[in-house]
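Q: This is entry-v2.pdb, which holds PDB, C-alpha atoms and all ligand atoms:
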```pdb
ATOM      1  CA  MET A   1     101.190  82.402  63.277
ATOM      2  CA  CYS A   2      98.853  80.988  65.854
ATOM      3  CA  PRO A   3      95.239  81.628  64.856
ATOM      4  CA  LYS A   4      94.121  81.285  68.467
ATOM      5  CA  SER A   5      96.400  83.954  69.885
ATOM      6  CA  SER A   6      94.577  85.967  72.476
ATOM      7  CA  GLY A   7      95.316  88.568  75.083
ATOM      8  CA  LEU A   8      97.925  88.554  77.762
ATOM      9  CA  GLY A   9      97.162  88.221  81.441
ATOM     10  CA  LEU A  10      98.410  84.796  82.451
ATOM     11  CA  ILE A  11     100.720  83.726  85.257
ATOM     12  CA  GLN A  12     103.826  81.774  84.246
ATOM     13  CA  VAL A  13     106.174  80.005  86.647
ATOM     14  CA  TYR A  14     109.650  78.731  85.734
ATOM     15  CA  THR A  15     111.057  76.590  88.502
ATOM     16  CA  GLY A  16     113.166  73.469  89.146
ATOM     17  CA  ASN A  17     116.831  72.817  89.845
ATOM     18  CA  GLY A  18     118.057  72.790  86.249
ATOM     19  CA  LYS A  19     119.654  75.727  84.491
ATOM     20  CA  GLY A  20     117.586  78.087  82.391
ATOM     21  CA  LYS A  21     114.884  79.774  84.462
ATOM     22  CA  THR A  22     116.191  83.321  84.403
ATOM     23  CA  THR A  23     117.449  83.014  80.841
ATOM     24  CA  ALA A  24     114.069  81.666  79.695
ATOM     25  CA  ALA A  25     112.339  84.633  81.306
ATOM     26  CA  LEU A  26     114.762  87.004  79.602
ATOM     27  CA  GLY A  27     114.243  85.214  76.296
ATOM     28  CA  LEU A  28     110.552  85.910  76.718
ATOM     29  CA  ALA A  29     111.378  89.537  77.563
ATOM     30  CA  LEU A  30     113.275  89.778  74.282
ATOM     31  CA  ARG A  31     110.406  88.260  72.324
ATOM     32  CA  ALA A  32     107.853  90.551  73.961
ATOM     33  CA  TRP A  33     110.030  93.608  73.419
ATOM     34  CA  GLY A  34     110.395  92.621  69.757
ATOM     35  CA  ARG A  35     106.620  92.810  69.487
ATOM     36  CA  GLY A  36     106.532  96.270  70.977
ATOM     37  CA  LEU A  37     105.287  95.121  74.352
ATOM     38  CA  ARG A  38     106.396  97.043  77.405
ATOM     39  CA  VAL A  39     108.503  94.847  79.659
ATOM     40  CA  VAL A  40     109.920  95.256  83.153
ATOM     41  CA  VAL A  41     112.265  92.888  84.969
ATOM     42  CA  ILE A  42     112.069  93.065  88.749
ATOM     43  CA  GLN A  43     114.851  91.029  90.215
ATOM     44  CA  PHE A  44     114.891  89.764  93.767
ATOM     45  CA  MET A  45     117.958  88.450  95.638
ATOM     46  CA  LYS A  46     120.457  89.911  93.161
ATOM     47  CA  LEU A  47     122.357  93.153  92.958
ATOM     48  CA  GLY A  48     124.922  94.643  90.657
ATOM     49  CA  ASP A  49     126.137  94.516  87.101
ATOM     50  CA  GLU A  50     128.178  91.324  87.459
ATOM     51  CA  TYR A  51     125.718  89.476  85.255
ATOM     52  CA  GLY A  52     125.897  89.598  81.466
ATOM     53  CA  GLU A  53     122.155  89.939  81.188
ATOM     54  CA  ILE A  54     122.056  92.915  83.549
ATOM     55  CA  SER A  55     124.739  94.763  81.568
ATOM     56  CA  ALA A  56     122.811  93.918  78.412
ATOM     57  CA  LEU A  57     119.554  95.332  79.772
ATOM     58  CA  ARG A  58     121.316  98.461  80.959
ATOM     59  CA  LYS A  59     122.904  98.962  77.534
ATOM     60  CA  MET A  60     119.750  98.466  75.530
ATOM     61  CA  SER A  61     116.809 100.718  76.007
ATOM     62  CA  GLY A  62     113.298  99.419  76.163
ATOM     63  CA  ILE A  63     113.303  96.801  78.912
ATOM     64  CA  ASP A  64     113.259  98.335  82.382
ATOM     65  CA  LEU A  65     115.155  96.682  85.208
ATOM     66  CA  PHE A  66     115.004  97.071  88.979
ATOM     67  CA  GLN A  67     116.957  95.038  91.518
ATOM     68  CA  TYR A  68     115.993  94.329  95.105
ATOM     69  CA  GLY A  69     118.726  92.192  96.548
ATOM     70  CA  ARG A  70     122.091  92.294  98.186
ATOM     71  CA  ASP A  71     125.425  91.295  96.783
ATOM     72  CA  GLN A  72     125.589  88.373  99.183
ATOM     73  CA  LEU A  73     124.550  84.761  99.296
ATOM     74  CA  ILE A  74     121.537  84.004 101.470
ATOM     75  CA  THR A  75     120.704  80.554 102.772
ATOM     76  CA  LYS A  76     117.287  79.356 103.825
ATOM     77  CA  GLY A  77     116.381  80.498 107.318
ATOM     78  CA  LYS A  78     119.359  82.847 107.538
ATOM     79  CA  HIS A  79     118.114  86.105 106.092
ATOM     80  CA  SER A  80     118.378  89.506 107.687
ATOM     81  CA  GLN A  81     115.884  92.273 108.326
ATOM     82  CA  GLU A  82     117.455  94.095 105.388
ATOM     83  CA  ASP A  83     116.578  91.164 103.121
ATOM     84  CA  VAL A  84     112.975  91.423 104.290
ATOM     85  CA  SER A  85     112.745  95.143 103.667
ATOM     86  CA  LEU A  86     114.374  94.809 100.230
ATOM     87  CA  ALA A  87     111.978  92.027  99.229
ATOM     88  CA  LYS A  88     108.995  94.029 100.450
ATOM     89  CA  LYS A  89     110.240  97.026  98.481
ATOM     90  CA  GLY A  90     110.488  94.760  95.437
ATOM     91  CA  LEU A  91     106.916  93.615  95.966
ATOM     92  CA  ARG A  92     105.741  97.221  96.150
ATOM     93  CA  LYS A  93     107.490  97.871  92.837
ATOM     94  CA  ALA A  94     105.888  94.709  91.451
ATOM     95  CA  LYS A  95     102.455  95.893  92.518
ATOM     96  CA  ALA A  96     102.985  99.333  90.969
ATOM     97  CA  SER A  97     104.220  97.702  87.747
ATOM     98  CA  LEU A  98     101.327  95.244  87.599
ATOM     99  CA  THR A  99      98.649  97.843  88.187
ATOM    100  CA  GLY A 100     100.121 101.019  86.693
ATOM    101  CA  LYS A 101      99.260 100.442  83.008
ATOM    102  CA  LYS A 102     102.893 101.081  82.180
ATOM    103  CA  TYR A 103     103.866  97.471  81.387
ATOM    104  CA  ASP A 104     102.424  94.525  79.486
ATOM    105  CA  VAL A 105     104.864  91.905  80.772
ATOM    106  CA  VAL A 106     106.234  91.863  84.316
ATOM    107  CA  ILE A 107     109.065  89.461  85.152
ATOM    108  CA  LEU A 108     109.604  88.707  88.832
ATOM    109  CA  ASP A 109     112.994  87.030  88.716
ATOM    110  CA  GLU A 110     113.847  84.817  91.732
ATOM    111  CA  VAL A 111     110.577  85.692  93.452
ATOM    112  CA  ASN A 112     109.994  81.960  94.024
ATOM    113  CA  VAL A 113     113.192  81.857  96.054
ATOM    114  CA  VAL A 114     112.347  84.798  98.326
ATOM    115  CA  ALA A 115     109.078  83.061  99.157
ATOM    116  CA  TYR A 116     110.726  79.659  99.628
ATOM    117  CA  PHE A 117     113.308  81.228 101.954
ATOM    118  CA  GLY A 118     110.522  82.759 104.020
ATOM    119  CA  ILE A 119     111.711  86.306 103.385
ATOM    120  CA  VAL A 120     108.148  87.108 102.326
ATOM    121  CA  THR A 121     105.191  84.730 102.427
ATOM    122  CA  PRO A 122     103.803  83.040  99.315
ATOM    123  CA  GLU A 123     100.491  84.717 100.137
ATOM    124  CA  GLU A 124     102.054  88.196 100.139
ATOM    125  CA  VAL A 125     103.473  87.486  96.683
ATOM    126  CA  MET A 126     100.246  86.033  95.302
ATOM    127  CA  ALA A 127      98.210  88.953  96.637
ATOM    128  CA  VAL A 128     100.415  91.242  94.540
ATOM    129  CA  VAL A 129     100.201  88.977  91.486
ATOM    130  CA  ARG A 130      96.417  88.725  91.789
ATOM    131  CA  SER A 131      96.113  92.502  91.992
ATOM    132  CA  ARG A 132      97.459  92.877  88.438
ATOM    133  CA  ALA A 133      95.540  94.581  85.688
ATOM    134  CA  PRO A 134      93.840  91.728  83.805
ATOM    135  CA  GLU A 135      95.896  92.145  80.638
ATOM    136  CA  VAL A 136      99.322  92.017  82.285
ATOM    137  CA  GLU A 137     101.341  88.811  81.914
ATOM    138  CA  VAL A 138     103.471  87.826  84.938
ATOM    139  CA  ILE A 139     106.507  85.558  84.895
ATOM    140  CA  MET A 140     107.810  84.216  88.211
ATOM    141  CA  THR A 141     111.167  82.449  88.308
ATOM    142  CA  GLY A 142     113.316  80.576  90.778
ATOM    143  CA  ARG A 143     113.867  77.188  92.359
ATOM    144  CA  ASN A 144     111.412  75.659  94.783
ATOM    145  CA  ALA A 145     108.297  77.557  93.715
ATOM    146  CA  PRO A 146     105.772  77.289  96.561
ATOM    147  CA  LYS A 147     102.787  75.041  95.828
ATOM    148  CA  GLN A 148     100.483  78.037  95.914
ATOM    149  CA  PHE A 149     102.333  79.617  92.975
ATOM    150  CA  ILE A 150     102.084  76.392  90.986
ATOM    151  CA  ASP A 151      98.389  75.983  91.795
ATOM    152  CA  GLU A 152      97.508  79.523  90.727
ATOM    153  CA  ALA A 153      99.702  79.690  87.623
ATOM    154  CA  ASP A 154      98.448  79.071  84.093
ATOM    155  CA  LEU A 155     101.806  77.861  82.807
ATOM    156  CA  VAL A 156     104.412  76.043  84.873
ATOM    157  CA  THR A 157     107.705  74.770  83.508
ATOM    158  CA  GLU A 158     110.104  72.797  85.622
ATOM    159  CA  MET A 159     113.733  72.901  84.542
ATOM    160  CA  ARG A 160     115.051  69.554  85.680
ATOM    161  CA  MET A 161     118.777  69.089  86.032
ATOM    162  CA  ILE A 162     120.039  66.073  84.179
ATOM    163  CA  LYS A 163     123.659  67.242  84.040
ATOM    164  CA  HIS A 164     125.412  70.438  84.977
ATOM    165  CA  PRO A 165     129.142  71.026  84.399
ATOM    166  CA  TYR A 166     129.369  72.495  87.911
ATOM    167  CA  ASP A 167     129.228  68.933  89.224
ATOM    168  CA  ALA A 168     132.296  68.111  87.138
ATOM    169  CA  GLY A 169     134.155  71.042  88.649
ATOM    170  CA  VAL A 170     133.477  73.656  85.969
ATOM    171  CA  ILE A 171     132.923  76.893  87.816
ATOM    172  CA  ALA A 172     130.506  79.580  86.618
ATOM    173  CA  ARG A 173     131.613  81.044  83.278
ATOM    174  CA  ALA A 174     131.106  84.699  82.352
ATOM    175  CA  GLY A 175     128.598  84.996  79.548
ATOM    176  CA  ILE A 176     127.179  81.512  80.115
ATOM    177  CA  GLU A 177     126.274  81.162  83.780
ATOM    178  CA  TYR A 178     126.310  84.852  84.636
TER     179      TYR A 178
HETATM  180  P1  LIG B 201     120.199  80.856  84.333
HETATM  181  O1  LIG B 201     120.384  82.180  85.045
HETATM  182  O2  LIG B 201     121.475  80.361  83.734
HETATM  183  O3  LIG B 201     119.018  80.842  83.434
HETATM  184  P2  LIG B 201     118.671  79.682  86.478
HETATM  185  O4  LIG B 201     117.968  80.977  86.602
HETATM  186  O5  LIG B 201     117.865  78.497  86.070
HETATM  187  O6  LIG B 201     119.897  79.794  85.486
HETATM  188  P3  LIG B 201     119.394  79.795  89.284
HETATM  189  O7  LIG B 201     118.754  78.790  90.152
HETATM  190  O8  LIG B 201     118.886  81.194  89.332
HETATM  191  O9  LIG B 201     119.422  79.257  87.783
HETATM  192  O10 LIG B 201     120.943  79.719  89.561
HETATM  193  C1  LIG B 201     121.808  80.781  89.615
HETATM  194  C2  LIG B 201     123.130  80.447  88.966
HETATM  195  O11 LIG B 201     123.481  79.067  89.073
HETATM  196  C3  LIG B 201     123.152  80.732  87.476
HETATM  197  O12 LIG B 201     124.448  81.206  87.174
HETATM  198  C4  LIG B 201     122.927  79.404  86.832
HETATM  199  O13 LIG B 201     123.465  79.337  85.518
HETATM  200  C5  LIG B 201     123.632  78.467  87.783
HETATM  201  N1  LIG B 201     122.985  77.144  87.828
HETATM  202  C6  LIG B 201     121.740  76.810  87.417
HETATM  203  N2  LIG B 201     121.476  75.500  87.633
HETATM  204  C7  LIG B 201     122.581  74.994  88.196
HETATM  205  C8  LIG B 201     122.962  73.681  88.682
HETATM  206  N3  LIG B 201     122.123  72.664  88.587
HETATM  207  N4  LIG B 201     124.209  73.529  89.229
HETATM  208  C9  LIG B 201     125.050  74.576  89.317
HETATM  209  N5  LIG B 201     124.774  75.829  88.900
HETATM  210  C10 LIG B 201     123.554  76.042  88.345
HETATM  211 MG    MG B 202     117.717  82.372  88.084
END
```
Could I get this file's structure written as structure tokens?
A:
Amino acid sequence: MCPKSSGLGLIQVYTGNGKGKTTAALGLALRAWGRGLRVVVIQFMKLGDEYGEISALRKMSGIDLFQYGRDQLITKGKHSQEDVSLAKKGLRKAKASLTGKKYDVVILDEVNVVAYFGIVTPEEVMAVVRSRAPEVEVIMTGRNAPKQFIDEADLVTEMRMIKHPYDAGVIARAGIEY
């Protein structure tokens, strides 16, 4: 047990092009939940139950989940007005979750990507993150985290791809990649 453990309230960023950002955030969610902390996962860009982790969260009780995406691939610079309004709705939910005293840990999955794609600005996201109650821990995931996120975070981990079976033709496997 760490003798120096102190309160929550930090900003964590998981970024990079290697696998493991979302699963690391959900691993943290599991750990926090195991300690009786109140956890919410707010997921940008994704929709639906076609992910093992989403079915898992829906089956278990204790970790809340909200999705603000569409069931469609978006590429940089090619988002729609609907993508903007969904992301903004997600940010409003994030703000309510960060300030409402209902959660101790707030996971903003793929929020780095919505900012990188220009669907919302990095500043809009950071304004929400900064507004958090001081004891709420925030985890932001996704490739290409804007510099501003990295500068303001307390913990930044970059998942760096060394190998991925996708490059050898192995397509996404249920239960492993999704
Ligand atoms: P995971 O959800 O497995 O933790 P991730 O959050 O780090 O991965 P994303 O950038 O969100 O990865 O990628 C979305 C999907 O692409 C996931 O199914 C993930 O497993 C897969 N993936 C991650 N990295 C790579 C890669 N380098 N090449 C191909 N597919 C990848
Ligand atoms: Mg991810």
Q: Can you tell me, as lines of an AutoDock Vina configuration file, the centre and edge lengths (Å, one decimal) of the axis-aligned box enclosing all of ligand LIG 201 (chain B)'s listed atoms after padding each side by 6 Å?
A:
```
center_x = 121.5
center_y = 77.4
center_z = 86.8
size_x = 19.2
size_y = 21.5
size_z = 18.7
```
Q: Using all atoms listed in the file, find each protein or nucleic acid residue lying at most 9 Å from ligand LIG 201 (chain B); present the set as JSON, numbers by chain.
A: {"A": [14, 15, 16, 17, 18, 19, 20, 21, 22, 23, 24, 25, 26, 51, 53, 109, 110, 113, 141, 142, 143, 159, 160, 161, 162, 163, 164, 165, 166, 167, 171, 172, 173, 174, 176, 177, 178]}
Q: Provide the CA of Gly9 in chain A to CA of Val138 in chain A distance in Å, to one decimal place.
A: 7.2 Å
Q: Could you jot down the CA of Ile150 in chain A to CA of Lys95 in chain A separation for me, Å, one decimal place?
A: 19.6 Å
Q: Please evaluate the PyMOL selection byres (((chain A and resi 33) around 12) and not hetatm) against the structure above and give the resulting residues as a PyMOL selection string.
A: chain A and resi 26-32+34-41+57+60-64+103-106
Q: Save out the residues we just selected, C-alpha atoms, as an mmCIF file, in the coordinates of the input.
A:
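And here's out31.cif as it stands now:
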```cif
data_model
loop_
_atom_site.group_PDB
_atom_site.id
_atom_site.type_symbol
_atom_site.label_atom_id
_atom_site.label_comp_id
_atom_site.auth_asym_id
_atom_site.auth_seq_id
_atom_site.Cartn_x
_atom_site.Cartn_y
_atom_site.Cartn_z
ATOM 1 C CA LEU A 26 114.762 87.004 79.602
ATOM 2 C CA GLY A 27 114.243 85.214 76.296
ATOM 3 C CA LEU A 28 110.552 85.910 76.718
ATOM 4 C CA ALA A 29 111.378 89.537 77.563
ATOM 5 C CA LEU A 30 113.275 89.778 74.282
ATOM 6 C CA ARG A 31 110.406 88.260 72.324
ATOM 7 C CA ALA A 32 107.853 90.551 73.961
ATOM 8 C CA GLY A 34 110.395 92.621 69.757
ATOM 9 C CA ARG A 35 106.620 92.810 69.487
ATOM 10 C CA GLY A 36 106.532 96.270 70.977
ATOM 11 C CA LEU A 37 105.287 95.121 74.352
ATOM 12 C CA ARG A 38 106.396 97.043 77.405
ATOM 13 C CA VAL A 39 108.503 94.847 79.659
ATOM 14 C CA VAL A 40 109.920 95.256 83.153
ATOM 15 C CA VAL A 41 112.265 92.888 84.969
ATOM 16 C CA LEU A 57 119.554 95.332 79.772
ATOM 17 C CA MET A 60 119.750 98.466 75.530
ATOM 18 C CA SER A 61 116.809 100.718 76.007
ATOM 19 C CA GLY A 62 113.298 99.419 76.163
ATOM 20 C CA ILE A 63 113.303 96.801 78.912
ATOM 21 C CA ASP A 64 113.259 98.335 82.382
ATOM 22 C CA TYR A 103 103.866 97.471 81.387
ATOM 23 C CA ASP A 104 102.424 94.525 79.486
ATOM 24 C CA VAL A 105 104.864 91.905 80.772
ATOM 25 C CA VAL A 106 106.234 91.863 84.316
#
```
Q: Residues picked by the PyMOL selection byres (((chain A and resi 135) around 7) and not hetatm) here, as a list of chain:residue names?
A: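 When the PyMOL selection byres (((chain A and resi 135) around 7) and not hetatm) is applied, the selected residues are A:Gly7, A:Leu8, A:Gly9, A:Ala133, A:Pro134, A:Val136, A:Glu137.
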Q: By how many Å are CA of Lys102 in chain A and CA of Leu65 in chain A apart?
A: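 Straight-line distance from CA of Lys102 in chain A to CA of Leu65 in chain A works out to 13.4 Å.
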Q: Place a sphere of radius 12 Å on (99.3, 88.3, 96.9) in the file coordinates and name every protein, DNA or RNA residue with an atom inside or on its surface, counting only C-alpha atoms; give the answer as a count of residues only.
A: 23
Q: Taking the file above as input, evaluate the PyMOL selection byres (((chain A and resi 74) around 12) and not hetatm) and report the hits as number ranges by chain.
A: A: 44-46, 69-73, 75-80, 82-84, 113-114, 116-119
Q: Could you tell me which of A:Gln67, A:Gln12, A:Gln43, A:Pro146 comes closest to ligand MG 202 (chain B) if we count only C-alpha atoms and all ligand atoms?
A: A:Gln43
Q: Compare A:Leu10, A:Met140, A:Ala56, A:Leu86 by their minimum atom-to-atom distance to ligand MG 202 (chain B), counting all atoms listed in the file, and give me the closest one.
A: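 Among A:Leu10, A:Met140, A:Ala56, A:Leu86, it is A:Met140 that comes nearest to ligand MG 202 (chain B).
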